[in-house]
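Structure, as structure tokens:
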Amino acid sequence: MCGIIGCVGRGDETLDTLVHGLSKLEYRGYDSAGVALANDHIDLCKHSGKIADLREALSDRTLSGSVGIGHTRWSTHGPPTDENAHPHQDCTGDVAVVHNGIIENYQSLRDELVGAGHTFTSDTDTEVVPHLIEDALSSGADPEDAVRETVDRLEGSYAVAVVIAGCDSVFAARNDSPLVLGIDDDATYLASDVPAFRDFTDKVVYLADGEFARLNGAGWTVTDTDGNIIEKDIDTVQWDPEETGKSGYDHFMLKEIHEQPRALRQCLRGRVDELAGTVDIGDLGDLSPTGVQFVACGTSYHAALHGAQLFREAGIPAQAFLASEYATATPPIGDALVVGVTQSGETADTLSALRAARRRGARTLAVTNVVGSTAARECDHALYIRAGPEIGVAATKTFASQLAALNLLALGTSSTGDARQVISALRDLPGHVQEVLDESAAQEVAELYQDASAYFFIGRGYQNPVALEGALKMKEITYKHAEGFAAGELKHGPLALVTENTPVFAIVTGDDERARKTIGNVKEVEARDAPVVAITDGQSDVERYADHVLHIPETHPRAAAVLANTHLQLVSYHTAALLGRNIDKPRNLAKSVTVE
Ligand code: AGP
């Protein structure tokens, strides 16, 4: 995790530019933050806590220099203290380094450096980097060679940025951690993610693993490990800077929940032909998989469960795996496709599973939100969900867009009897989500049950992943116990947890056998005095057994999953708001989890 930034060419505004960029990257980690500016020496300030704490620490400091780096941390090695905050320095104080990732051989490097007389001041793996650079410089290497030699010795995942006293450049390298350059006429930026510099430029260059960048007053160069120049494409970012502001909402999460209709329209635009009953998902070619394995984590895993069900329904064997457990999966057979569902495209567990799939000879597809992300670049194919940037740590609009994109994928690569109904439900989906947003009674439900001791969520079929997602959202932003179950599983153990103080959210759509069985499960919890909140399209009589009802418009069960989930997002959001939680940055979490 962690967010890094660097910039040259901003003159007196260098410090402000770095701190502004860090504020845009805070979703990647908020345990500590720091900046370093290079002039004939290094001016550095860092602090545990959020960017606001760094700003406070900077208020009585003068840092000068027009070449700088910054960092916001999500702890991996060592607790979130001032000492462990980045940037880290060498013994002379002339080298400053920020790093995202994990240096796997840091212990042996550290032992070697300590043996050679270096003094360490932090618990981090990162600190070996400035000391190695210090050694290389003292052996006579010029700054660029010193950084290159050091990077060559690192094993593991890293995006590093380095400044050195008396040198006009920022040096950067990446392996398995994201790094992107921002290109402007007079200034150049580097960062873990585009929002860090999007207010200044929309021109970007995505670095690949093994590439090395040098930014200075003359511009920027990207080279390979041997120092050969690599000609890189300059891409233009398609979204506006305002898309990463809160637009009047109290939290990014609420804004992003309300952006779902637009996100869904973007996902579907130009991809469905309702008249013909067909979908066009671009240049993916003829995938025609004989089987599909999904790999994903967290919310994206819940979307993957939905995706696997879509393919099974179309008669294609499909399974969803937690990416971190994929190593134990049966290898993909024949012409199977392995699909990584990942909002960020940078989740280490998912990337690792996709790489394992490639090693096993499978074709891979990334279903992702981030163009140019590692998953998109490494997979054979990429299908973009087009949700726009998501800043809140809790995934909301991207889940809705993942479900829509996976429906497009299933429709585009397999045949299903009710394609026309699904396409028409997808067409109606943005408007239906808007109806839910306009009319949801989620806030009243949240007010009634904010003191509950636990929350349970149940659903069958397409509503089972929604139950799991409802519980994940509730626990991550309210810090309260919540669990989601396949409705039929409740009676096999979890029912023992059900009391009058544990509201049960039951998602019941349609009026088929599944709905009737779920209503049977609702009666079981009702008999144990649990309050029941039904999320329903009103087709069944579940309302008779529910204490509260959250209505969704009648639609295809696949689309109903998105609608039911919208209510549950709002219930979690309002509960967390009532409890005064840090909704956009829940404790211990980060938006993009780039460690395994
Ligand atoms: C959920 O709200 C979280 N943000 C988390 O579970 C997330 O979905 C997971 O870490 C996977 O992230 P990805 O989609 O970027 O791969």
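Numbering starts fresh at 1 for the residues of each chain in the structure tokens, the chains themselves are lettered A, B, ... in the order given, and ligands are numbered from 1 as they appear.
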
Would you give me, as JSON lines, each residue of chain A having an atom within 9 Å of an atom of ligand 1, along with its shortest atom pair and that distance in Å to one decimal, using only C-alpha atoms and all ligand atoms and sorting by chain and residue number?
{"residue": "A:Ala296", "atom": "CA", "partner": "ligand 1", "partner_atom_place_in_ligand_line": "16 (O)", "distance": 6.3}
{"residue": "A:Cys297", "atom": "CA", "partner": "ligand 1", "partner_atom_place_in_ligand_line": "11 (C)", "distance": 4.6}
{"residue": "A:Gly298", "atom": "CA", "partner": "ligand 1", "partner_atom_place_in_ligand_line": "6 (O)", "distance": 3.2}
{"residue": "A:Thr299", "atom": "CA", "partner": "ligand 1", "partner_atom_place_in_ligand_line": "8 (O)", "distance": 3.8}
{"residue": "A:Ser300", "atom": "CA", "partner": "ligand 1", "partner_atom_place_in_ligand_line": "14 (O)", "distance": 4.8}
{"residue": "A:Tyr301", "atom": "CA", "partner": "ligand 1", "partner_atom_place_in_ligand_line": "8 (O)", "distance": 7.3}
{"residue": "A:His302", "atom": "CA", "partner": "ligand 1", "partner_atom_place_in_ligand_line": "8 (O)", "distance": 8.5}
{"residue": "A:Gly340", "atom": "CA", "partner": "ligand 1", "partner_atom_place_in_ligand_line": "16 (O)", "distance": 8.3}
{"residue": "A:Val341", "atom": "CA", "partner": "ligand 1", "partner_atom_place_in_ligand_line": "14 (O)", "distance": 6.5}
{"residue": "A:Thr342", "atom": "CA", "partner": "ligand 1", "partner_atom_place_in_ligand_line": "16 (O)", "distance": 3.5}
{"residue": "A:Gln343", "atom": "CA", "partner": "ligand 1", "partner_atom_place_in_ligand_line": "14 (O)", "distance": 3.6}
{"residue": "A:Ser344", "atom": "CA", "partner": "ligand 1", "partner_atom_place_in_ligand_line": "15 (O)", "distance": 3.6}
{"residue": "A:Gly345", "atom": "CA", "partner": "ligand 1", "partner_atom_place_in_ligand_line": "15 (O)", "distance": 5.7}
{"residue": "A:Glu346", "atom": "CA", "partner": "ligand 1", "partner_atom_place_in_ligand_line": "15 (O)", "distance": 6.2}
{"residue": "A:Thr347", "atom": "CA", "partner": "ligand 1", "partner_atom_place_in_ligand_line": "16 (O)", "distance": 4.5}
{"residue": "A:Ala348", "atom": "CA", "partner": "ligand 1", "partner_atom_place_in_ligand_line": "16 (O)", "distance": 8.0}
{"residue": "A:Asp349", "atom": "CA", "partner": "ligand 1", "partner_atom_place_in_ligand_line": "16 (O)", "distance": 8.1}
{"residue": "A:Thr350", "atom": "CA", "partner": "ligand 1", "partner_atom_place_in_ligand_line": "16 (O)", "distance": 6.5}
{"residue": "A:Leu351", "atom": "CA", "partner": "ligand 1", "partner_atom_place_in_ligand_line": "16 (O)", "distance": 8.7}
{"residue": "A:Thr368", "atom": "CA", "partner": "ligand 1", "partner_atom_place_in_ligand_line": "14 (O)", "distance": 7.6}
{"residue": "A:Asn369", "atom": "CA", "partner": "ligand 1", "partner_atom_place_in_ligand_line": "15 (O)", "distance": 8.4}
{"residue": "A:Gly392", "atom": "CA", "partner": "ligand 1", "partner_atom_place_in_ligand_line": "4 (N)", "distance": 8.0}
{"residue": "A:Val393", "atom": "CA", "partner": "ligand 1", "partner_atom_place_in_ligand_line": "4 (N)", "distance": 5.1}
{"residue": "A:Ala394", "atom": "CA", "partner": "ligand 1", "partner_atom_place_in_ligand_line": "2 (O)", "distance": 3.3}
{"residue": "A:Ala395", "atom": "CA", "partner": "ligand 1", "partner_atom_place_in_ligand_line": "2 (O)", "distance": 3.8}
{"residue": "A:Thr396", "atom": "CA", "partner": "ligand 1", "partner_atom_place_in_ligand_line": "2 (O)", "distance": 6.9}
{"residue": "A:Thr398", "atom": "CA", "partner": "ligand 1", "partner_atom_place_in_ligand_line": "14 (O)", "distance": 8.1}
{"residue": "A:Phe399", "atom": "CA", "partner": "ligand 1", "partner_atom_place_in_ligand_line": "8 (O)", "distance": 8.1}
{"residue": "A:Glu469", "atom": "CA", "partner": "ligand 1", "partner_atom_place_in_ligand_line": "1 (C)", "distance": 8.3}
{"residue": "A:Leu472", "atom": "CA", "partner": "ligand 1", "partner_atom_place_in_ligand_line": "2 (O)", "distance": 7.1}
{"residue": "A:Lys473", "atom": "CA", "partner": "ligand 1", "partner_atom_place_in_ligand_line": "2 (O)", "distance": 6.0}
{"residue": "A:Glu476", "atom": "CA", "partner": "ligand 1", "partner_atom_place_in_ligand_line": "2 (O)", "distance": 7.1}
{"residue": "A:Ile477", "atom": "CA", "partner": "ligand 1", "partner_atom_place_in_ligand_line": "2 (O)", "distance": 8.7}
{"residue": "A:Leu589", "atom": "CA", "partner": "ligand 1", "partner_atom_place_in_ligand_line": "4 (N)", "distance": 8.2}
{"residue": "A:Ala590", "atom": "CA", "partner": "ligand 1", "partner_atom_place_in_ligand_line": "4 (N)", "distance": 7.3}
{"residue": "A:Lys591", "atom": "CA", "partner": "ligand 1", "partner_atom_place_in_ligand_line": "4 (N)", "distance": 5.4}
{"residue": "A:Ser592", "atom": "CA", "partner": "ligand 1", "partner_atom_place_in_ligand_line": "15 (O)", "distance": 5.5}
{"residue": "A:Val593", "atom": "CA", "partner": "ligand 1", "partner_atom_place_in_ligand_line": "10 (O)", "distance": 5.7}
{"residue": "A:Thr594", "atom": "CA", "partner": "ligand 1", "partner_atom_place_in_ligand_line": "10 (O)", "distance": 8.9}

Residue contacts of A:Gly520 (12 Å, only C-alpha atoms) excluding same-chain residues fewer than 5 positions away, as a PyMOL selection string: chain A and resi 458-459+487-488+490-491+506+508+513-515+525-527+540-542+545

Store the residues picked out above in a file with all heavy atoms, as a short mmCIF file (atom, residue, chain, number, x, y, z; two decimals), in the first residue's frame.
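out-v3.cif, written as the output of this step:
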data_model
loop_
_atom_site.label_atom_id
_atom_site.label_comp_id
_atom_site.auth_asym_id
_atom_site.auth_seq_id
_atom_site.Cartn_x
_atom_site.Cartn_y
_atom_site.Cartn_z
N ILE A 458 -28.88 -12.17 4.74
CA ILE A 458 -29.09 -13.45 4.08
C ILE A 458 -29.68 -13.25 2.68
O ILE A 458 -30.42 -12.30 2.43
CB ILE A 458 -30.01 -14.39 4.91
CG1 ILE A 458 -31.39 -13.76 5.17
CG2 ILE A 458 -29.35 -14.77 6.22
CD1 ILE A 458 -32.41 -14.73 5.80
N GLY A 459 -29.32 -14.17 1.79
CA GLY A 459 -29.86 -14.13 0.44
C GLY A 459 -29.48 -15.42 -0.28
O GLY A 459 -28.53 -16.12 0.13
N ALA A 487 -28.81 -17.92 2.59
CA ALA A 487 -29.97 -17.98 3.49
C ALA A 487 -30.18 -19.38 4.07
O ALA A 487 -30.52 -19.55 5.25
CB ALA A 487 -31.22 -17.51 2.76
N GLY A 488 -29.93 -20.42 3.26
CA GLY A 488 -30.18 -21.79 3.70
C GLY A 488 -29.19 -22.25 4.76
O GLY A 488 -29.43 -23.25 5.45
N LEU A 490 -28.18 -20.57 7.43
CA LEU A 490 -28.42 -19.98 8.75
C LEU A 490 -28.73 -21.05 9.80
O LEU A 490 -28.18 -21.05 10.90
CB LEU A 490 -29.60 -19.01 8.63
CG LEU A 490 -29.63 -17.82 9.55
CD1 LEU A 490 -28.37 -16.99 9.44
CD2 LEU A 490 -30.86 -16.98 9.24
N LYS A 491 -29.58 -21.99 9.41
CA LYS A 491 -30.04 -23.00 10.37
C LYS A 491 -28.96 -24.03 10.68
O LYS A 491 -29.14 -24.85 11.58
CB LYS A 491 -31.28 -23.70 9.82
CG LYS A 491 -31.07 -24.37 8.47
CD LYS A 491 -32.39 -24.86 7.90
CE LYS A 491 -32.23 -25.44 6.49
NZ LYS A 491 -31.80 -24.47 5.49
N ALA A 506 -32.85 -9.49 5.02
CA ALA A 506 -33.14 -10.60 4.11
C ALA A 506 -33.45 -10.04 2.72
O ALA A 506 -34.36 -9.22 2.58
CB ALA A 506 -34.32 -11.40 4.63
N VAL A 508 -34.99 -10.69 -0.67
CA VAL A 508 -35.94 -11.62 -1.28
C VAL A 508 -36.50 -10.96 -2.55
O VAL A 508 -37.23 -9.97 -2.47
CB VAL A 508 -37.11 -11.95 -0.32
CG1 VAL A 508 -38.02 -13.00 -0.96
CG2 VAL A 508 -36.58 -12.45 1.01
N GLU A 513 -39.33 -20.46 -6.12
CA GLU A 513 -39.03 -21.38 -5.03
C GLU A 513 -37.92 -20.83 -4.12
O GLU A 513 -37.98 -20.96 -2.90
CB GLU A 513 -38.59 -22.72 -5.63
CG GLU A 513 -38.68 -23.83 -4.62
CD GLU A 513 -38.15 -25.14 -5.19
OE1 GLU A 513 -38.02 -25.24 -6.42
OE2 GLU A 513 -37.87 -26.03 -4.38
N ARG A 514 -36.92 -20.19 -4.75
CA ARG A 514 -35.84 -19.59 -3.95
C ARG A 514 -36.40 -18.57 -2.97
O ARG A 514 -36.02 -18.54 -1.80
CB ARG A 514 -34.87 -18.86 -4.88
CG ARG A 514 -33.67 -19.66 -5.23
CD ARG A 514 -32.70 -18.82 -6.01
NE ARG A 514 -31.87 -19.72 -6.78
CZ ARG A 514 -31.18 -19.39 -7.84
NH1 ARG A 514 -31.20 -18.17 -8.29
NH2 ARG A 514 -30.45 -20.28 -8.46
N ALA A 515 -37.27 -17.71 -3.48
CA ALA A 515 -37.86 -16.68 -2.62
C ALA A 515 -38.63 -17.34 -1.48
O ALA A 515 -38.51 -16.94 -0.31
CB ALA A 515 -38.77 -15.77 -3.45
N VAL A 525 -35.83 -16.78 11.80
CA VAL A 525 -35.21 -15.74 12.64
C VAL A 525 -36.28 -14.92 13.37
O VAL A 525 -36.06 -14.48 14.49
CB VAL A 525 -34.25 -14.81 11.85
CG1 VAL A 525 -33.14 -15.62 11.19
CG2 VAL A 525 -34.96 -13.98 10.80
N GLU A 526 -37.40 -14.77 12.71
CA GLU A 526 -38.49 -14.03 13.35
C GLU A 526 -38.93 -14.75 14.62
O GLU A 526 -39.20 -14.14 15.66
CB GLU A 526 -39.66 -13.92 12.35
CG GLU A 526 -40.68 -12.89 12.75
CD GLU A 526 -42.05 -13.19 12.13
OE1 GLU A 526 -42.28 -14.32 11.66
OE2 GLU A 526 -42.88 -12.28 12.13
N ALA A 527 -38.97 -16.10 14.54
CA ALA A 527 -39.37 -16.90 15.71
C ALA A 527 -38.37 -16.75 16.86
O ALA A 527 -38.68 -17.06 18.00
CB ALA A 527 -39.49 -18.36 15.30
N SER A 540 -43.15 -11.27 -3.58
CA SER A 540 -43.53 -12.33 -2.62
C SER A 540 -44.24 -11.68 -1.43
O SER A 540 -44.42 -10.46 -1.39
CB SER A 540 -42.27 -13.03 -2.13
OG SER A 540 -41.54 -12.13 -1.31
N ASP A 541 -44.61 -12.51 -0.45
CA ASP A 541 -45.28 -11.95 0.72
C ASP A 541 -44.33 -11.79 1.90
O ASP A 541 -44.75 -11.79 3.06
CB ASP A 541 -46.50 -12.80 1.10
CG ASP A 541 -46.08 -14.19 1.58
OD1 ASP A 541 -44.89 -14.55 1.39
OD2 ASP A 541 -46.93 -14.92 2.12
N VAL A 542 -43.02 -11.62 1.61
CA VAL A 542 -42.04 -11.50 2.70
C VAL A 542 -42.38 -10.33 3.63
O VAL A 542 -42.08 -10.37 4.83
CB VAL A 542 -40.59 -11.39 2.14
CG1 VAL A 542 -40.38 -10.09 1.39
CG2 VAL A 542 -39.57 -11.53 3.26
N TYR A 545 -43.72 -10.83 7.12
CA TYR A 545 -42.88 -11.33 8.22
C TYR A 545 -41.78 -10.34 8.59
O TYR A 545 -40.93 -10.64 9.41
CB TYR A 545 -42.26 -12.68 7.82
CG TYR A 545 -43.29 -13.62 7.26
CD1 TYR A 545 -43.43 -13.80 5.89
CD2 TYR A 545 -44.17 -14.28 8.12
CE1 TYR A 545 -44.41 -14.63 5.37
CE2 TYR A 545 -45.17 -15.11 7.61
CZ TYR A 545 -45.28 -15.28 6.24
OH TYR A 545 -46.26 -16.09 5.75
#

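The space between atom CA of A:Ala486 and atom CA of A:Ala454 spans 17.0 Å.
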
Residue list (alpha helix (DSSP H), DSSP) for stretch 62-197 of chain A, as a PyMOL selection string: chain A and resi 106-115+128-138+143-152

Writing out the chosen residues with C-alpha atoms as a PDB file, in the first residue's frame:
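Once everything was written out, this is part.pdb:
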ATOM      1  CA  TYR A 106      15.628  -6.317   3.635  1.00  0.00           C
ATOM      2  CA  GLN A 107      16.826  -8.302   6.663  1.00  0.00           C
ATOM      3  CA  SER A 108      19.959  -9.599   4.958  1.00  0.00           C
ATOM      4  CA  LEU A 109      20.632  -6.157   3.453  1.00  0.00           C
ATOM      5  CA  ARG A 110      20.147  -4.544   6.840  1.00  0.00           C
ATOM      6  CA  ASP A 111      22.494  -7.027   8.548  1.00  0.00           C
ATOM      7  CA  GLU A 112      25.116  -6.307   5.901  1.00  0.00           C
ATOM      8  CA  LEU A 113      24.728  -2.535   6.268  1.00  0.00           C
ATOM      9  CA  VAL A 114      24.785  -2.636  10.075  1.00  0.00           C
ATOM     10  CA  GLY A 115      27.927  -4.790   9.827  1.00  0.00           C
ATOM     11  CA  VAL A 128      17.967  -0.152   3.658  1.00  0.00           C
ATOM     12  CA  VAL A 129      17.499   1.821   0.416  1.00  0.00           C
ATOM     13  CA  PRO A 130      19.038   5.177   1.424  1.00  0.00           C
ATOM     14  CA  HIS A 131      21.916   3.398   3.165  1.00  0.00           C
ATOM     15  CA  LEU A 132      22.669   1.338   0.055  1.00  0.00           C
ATOM     16  CA  ILE A 133      22.608   4.517  -2.027  1.00  0.00           C
ATOM     17  CA  GLU A 134      24.924   6.175   0.481  1.00  0.00           C
ATOM     18  CA  ASP A 135      27.424   3.316   0.068  1.00  0.00           C
ATOM     19  CA  ALA A 136      27.260   3.511  -3.707  1.00  0.00           C
ATOM     20  CA  LEU A 137      27.785   7.293  -3.653  1.00  0.00           C
ATOM     21  CA  SER A 138      30.743   6.993  -1.320  1.00  0.00           C
ATOM     22  CA  PRO A 143      23.609   9.769  -8.251  1.00  0.00           C
ATOM     23  CA  GLU A 144      21.788   7.932 -11.061  1.00  0.00           C
ATOM     24  CA  ASP A 145      24.158   4.968 -10.978  1.00  0.00           C
ATOM     25  CA  ALA A 146      23.973   4.854  -7.188  1.00  0.00           C
ATOM     26  CA  VAL A 147      20.188   4.547  -7.326  1.00  0.00           C
ATOM     27  CA  ARG A 148      20.328   1.985 -10.141  1.00  0.00           C
ATOM     28  CA  GLU A 149      22.878  -0.171  -8.303  1.00  0.00           C
ATOM     29  CA  THR A 150      20.679  -0.054  -5.224  1.00  0.00           C
ATOM     30  CA  VAL A 151      17.486  -0.951  -7.047  1.00  0.00           C
ATOM     31  CA  ASP A 152      19.299  -3.911  -8.628  1.00  0.00           C
TER      32      ASP A 152
END

Test item: residues at most 8 Å from stretch 30-35 of chain A, only C-alpha atoms, excluding those fewer than 4 positions along its chain, as number ranges by chain: A: 15, 18-19, 22, 26, 44-51, 54, 68-75, 80-82, 85-87, 585, 590

Restricting the output to N, CA and C atoms, write the selected residues as an mmCIF file, in the first residue's frame.
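Dumped everything to selection.cif:
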data_model
loop_
_atom_site.group_PDB
_atom_site.id
_atom_site.type_symbol
_atom_site.label_atom_id
_atom_site.label_comp_id
_atom_site.auth_asym_id
_atom_site.auth_seq_id
_atom_site.Cartn_x
_atom_site.Cartn_y
_atom_site.Cartn_z
ATOM 1 N N LEU A 15 6.676 22.340 -2.278
ATOM 2 C CA LEU A 15 6.170 21.749 -1.034
ATOM 3 C C LEU A 15 4.642 21.637 -1.073
ATOM 4 N N LEU A 18 3.465 18.856 -3.302
ATOM 5 C CA LEU A 18 3.642 17.521 -2.720
ATOM 6 C C LEU A 18 2.545 17.233 -1.691
ATOM 7 N N VAL A 19 2.288 18.207 -0.819
ATOM 8 C CA VAL A 19 1.295 17.975 0.243
ATOM 9 C C VAL A 19 -0.106 17.829 -0.367
ATOM 10 N N LEU A 22 -0.313 14.411 -1.755
ATOM 11 C CA LEU A 22 -0.486 13.401 -0.698
ATOM 12 C C LEU A 22 -1.937 13.359 -0.220
ATOM 13 N N GLU A 26 -4.295 9.907 0.093
ATOM 14 C CA GLU A 26 -4.437 9.454 1.486
ATOM 15 C C GLU A 26 -5.253 8.174 1.578
ATOM 16 N N LEU A 44 13.544 17.965 5.412
ATOM 17 C CA LEU A 44 12.590 16.855 5.546
ATOM 18 C C LEU A 44 11.636 17.094 6.711
ATOM 19 N N CYS A 45 10.415 16.706 6.543
ATOM 20 C CA CYS A 45 9.438 16.769 7.648
ATOM 21 C C CYS A 45 8.524 15.557 7.523
ATOM 22 N N LYS A 46 8.321 14.834 8.634
ATOM 23 C CA LYS A 46 7.419 13.681 8.586
ATOM 24 C C LYS A 46 6.756 13.516 9.939
ATOM 25 N N HIS A 47 5.603 12.861 9.915
ATOM 26 C CA HIS A 47 4.824 12.783 11.151
ATOM 27 C C HIS A 47 3.909 11.570 11.109
ATOM 28 N N SER A 48 3.695 10.934 12.260
ATOM 29 C CA SER A 48 2.689 9.878 12.313
ATOM 30 C C SER A 48 1.315 10.524 12.197
ATOM 31 N N GLY A 49 0.339 9.767 11.756
ATOM 32 C CA GLY A 49 -1.014 10.300 11.607
ATOM 33 C C GLY A 49 -1.300 10.710 10.176
ATOM 34 N N LYS A 50 -2.320 11.522 10.041
ATOM 35 C CA LYS A 50 -2.839 11.848 8.710
ATOM 36 C C LYS A 50 -2.110 13.050 8.093
ATOM 37 N N ILE A 51 -2.516 13.393 6.872
ATOM 38 C CA ILE A 51 -1.889 14.531 6.188
ATOM 39 C C ILE A 51 -2.095 15.807 7.008
ATOM 40 N N LEU A 54 0.657 16.176 9.281
ATOM 41 C CA LEU A 54 1.864 16.641 8.582
ATOM 42 C C LEU A 54 1.768 18.150 8.341
ATOM 43 N N GLY A 68 11.319 17.414 -5.104
ATOM 44 C CA GLY A 68 10.859 16.833 -3.850
ATOM 45 C C GLY A 68 10.096 15.531 -4.008
ATOM 46 N N ILE A 69 9.965 14.844 -2.875
ATOM 47 C CA ILE A 69 9.206 13.590 -2.823
ATOM 48 C C ILE A 69 8.322 13.600 -1.571
ATOM 49 N N GLY A 70 7.276 12.788 -1.583
ATOM 50 C CA GLY A 70 6.401 12.695 -0.425
ATOM 51 C C GLY A 70 5.800 11.305 -0.319
ATOM 52 N N HIS A 71 5.206 11.033 0.843
ATOM 53 C CA HIS A 71 4.736 9.670 1.112
ATOM 54 C C HIS A 71 3.599 9.680 2.110
ATOM 55 N N THR A 72 2.605 8.845 1.889
ATOM 56 C CA THR A 72 1.600 8.583 2.915
ATOM 57 C C THR A 72 1.586 7.083 3.147
ATOM 58 N N ARG A 73 1.635 6.675 4.417
ATOM 59 C CA ARG A 73 1.998 5.290 4.745
ATOM 60 C C ARG A 73 0.840 4.444 5.238
ATOM 61 N N TRP A 74 0.843 3.190 4.822
ATOM 62 C CA TRP A 74 0.018 2.140 5.417
ATOM 63 C C TRP A 74 1.019 1.104 5.929
ATOM 64 N N SER A 75 1.066 0.934 7.253
ATOM 65 C CA SER A 75 2.182 0.210 7.877
ATOM 66 C C SER A 75 2.267 -1.256 7.473
ATOM 67 N N PRO A 80 2.938 2.543 13.286
ATOM 68 C CA PRO A 80 2.838 3.875 12.671
ATOM 69 C C PRO A 80 3.395 4.993 13.556
ATOM 70 N N THR A 81 4.715 5.064 13.672
ATOM 71 C CA THR A 81 5.363 6.087 14.507
ATOM 72 C C THR A 81 6.029 7.144 13.623
ATOM 73 N N ASP A 82 6.484 8.232 14.261
ATOM 74 C CA ASP A 82 7.240 9.257 13.517
ATOM 75 C C ASP A 82 8.487 8.637 12.889
ATOM 76 N N ALA A 85 7.829 6.746 9.760
ATOM 77 C CA ALA A 85 7.264 7.513 8.644
ATOM 78 C C ALA A 85 8.332 7.710 7.567
ATOM 79 N N HIS A 86 7.893 7.781 6.326
ATOM 80 C CA HIS A 86 8.793 8.080 5.204
ATOM 81 C C HIS A 86 8.807 9.597 5.003
ATOM 82 N N PRO A 87 9.759 10.189 4.345
ATOM 83 C CA PRO A 87 10.947 9.595 3.720
ATOM 84 C C PRO A 87 11.963 9.112 4.760
ATOM 85 N N LYS A 585 -12.079 6.670 5.501
ATOM 86 C CA LYS A 585 -10.786 6.053 5.799
ATOM 87 C C LYS A 585 -10.928 5.212 7.053
ATOM 88 N N ALA A 590 -6.912 0.207 3.832
ATOM 89 C CA ALA A 590 -6.434 1.081 2.765
ATOM 90 C C ALA A 590 -7.159 0.705 1.494
#

Mind checking which residues fall within 8 Å of stretch 153-167 of chain A, counting only C-alpha atoms, ignoring those fewer than 3 positions away in the same chain, and posting them as a CSV table (one decimal) with C-alpha atoms, in the first residue's frame?
chain,number,residue,atom,x,y,z
A,4,ILE,CA,4.2,8.2,-3.1
A,5,ILE,CA,4.6,11.4,-5.0
A,6,GLY,CA,7.5,13.3,-6.5
A,36,ALA,CA,11.6,15.8,1.6
A,37,LEU,CA,13.0,18.6,-0.6
A,38,ALA,CA,16.5,18.6,-2.1
A,39,ASN,CA,18.7,21.6,-2.3
A,40,ASP,CA,22.4,21.6,-1.3
A,41,HIS,CA,21.1,19.5,1.6
A,42,ILE,CA,17.8,17.7,2.3
A,67,VAL,CA,12.8,18.9,-6.3
A,68,GLY,CA,10.9,16.8,-3.8
A,69,ILE,CA,9.2,13.6,-2.8
A,94,ASP,CA,22.0,13.5,2.0
A,95,VAL,CA,19.7,10.8,0.6
A,96,ALA,CA,15.9,10.6,1.1
A,97,VAL,CA,13.7,7.8,-0.1
A,98,VAL,CA,10.0,7.0,-0.2
A,99,HIS,CA,8.8,3.5,-0.9
A,100,ASN,CA,5.6,1.6,-1.5
A,101,GLY,CA,5.7,-2.2,-1.3
A,102,ILE,CA,7.7,-4.8,0.6
A,103,ILE,CA,11.5,-5.4,0.2
A,104,GLU,CA,11.7,-9.1,0.9
A,105,ASN,CA,15.5,-9.3,1.3
A,106,TYR,CA,15.6,-6.3,3.6
A,143,PRO,CA,23.6,9.8,-8.3
A,147,VAL,CA,20.2,4.5,-7.3
A,149,GLU,CA,22.9,-0.2,-8.3
A,150,THR,CA,20.7,-0.1,-5.2
A,170,VAL,CA,14.0,12.8,-8.7
A,171,PHE,CA,14.8,9.1,-9.5
A,172,ALA,CA,12.2,6.4,-9.5
A,173,ALA,CA,11.9,2.7,-10.2
A,174,ARG,CA,9.2,0.1,-9.9
A,175,ASN,CA,8.6,-3.6,-9.6
A,176,ASP,CA,5.1,-4.9,-8.7
A,177,SER,CA,3.9,-1.6,-7.3
A,178,PRO,CA,2.2,1.1,-9.3
A,179,LEU,CA,4.0,4.3,-10.5
A,192,SER,CA,1.3,5.9,-7.1

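Straight-line separation from atom CA of A:Thr225 to atom CA of A:Gly3: 23.6 Å.
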
Neighbour list for A:Thr478 as a count of residues only, cut-off 12 Å, only C-alpha atoms, skip fewer than 4 positions in-chain: 32

Strand (DSSP E or B) residues, from DSSP on the backbone, in stretch 183-364 of chain A, as a PyMOL selection string: chain A and resi 183+188-191+203-206+212-216+219-223+229+235-236+272-273+278-279+292-296+318-322+337-342+363-364

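The smallest atom-to-atom distance between A:Ala213 and any of A:Phe294, A:Phe311, A:Tyr189, A:Tyr384, using only C-alpha atoms, is found for A:Tyr189.
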
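Interatomic distance, atom CA of A:Ala404 against atom CA of A:Glu378: 22.9 Å.
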
Spatial neighbours of stretch 433-441 of chain A, max dist 8 Å, only C-alpha atoms, sep filter under 5 positions, as an MDAnalysis selection string: chainID A and resid 258 260:261 550:553 562:563 566:567

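Neighbours of A:Phe197 closer than or equal to 9 Å, with only C-alpha atoms counted and sequence neighbours fewer than 5 positions away skipped, come out as Ile5, Thr17, Leu18, His20, Gly21, Lys24, Gly182, Tyr189, Leu190, Ala191 and Asp202 of chain A.
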
Counting only C-alpha atoms, the option among A:Gly227, A:Gly277, A:Pro289, A:Pro531 closest to A:Glu500: A:Pro531

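In this comparison, which uses only C-alpha atoms, the residue of A:Thr188, A:Thr328, A:Asn407, A:Thr236 approaching A:Cys267 most closely is A:Asn407.
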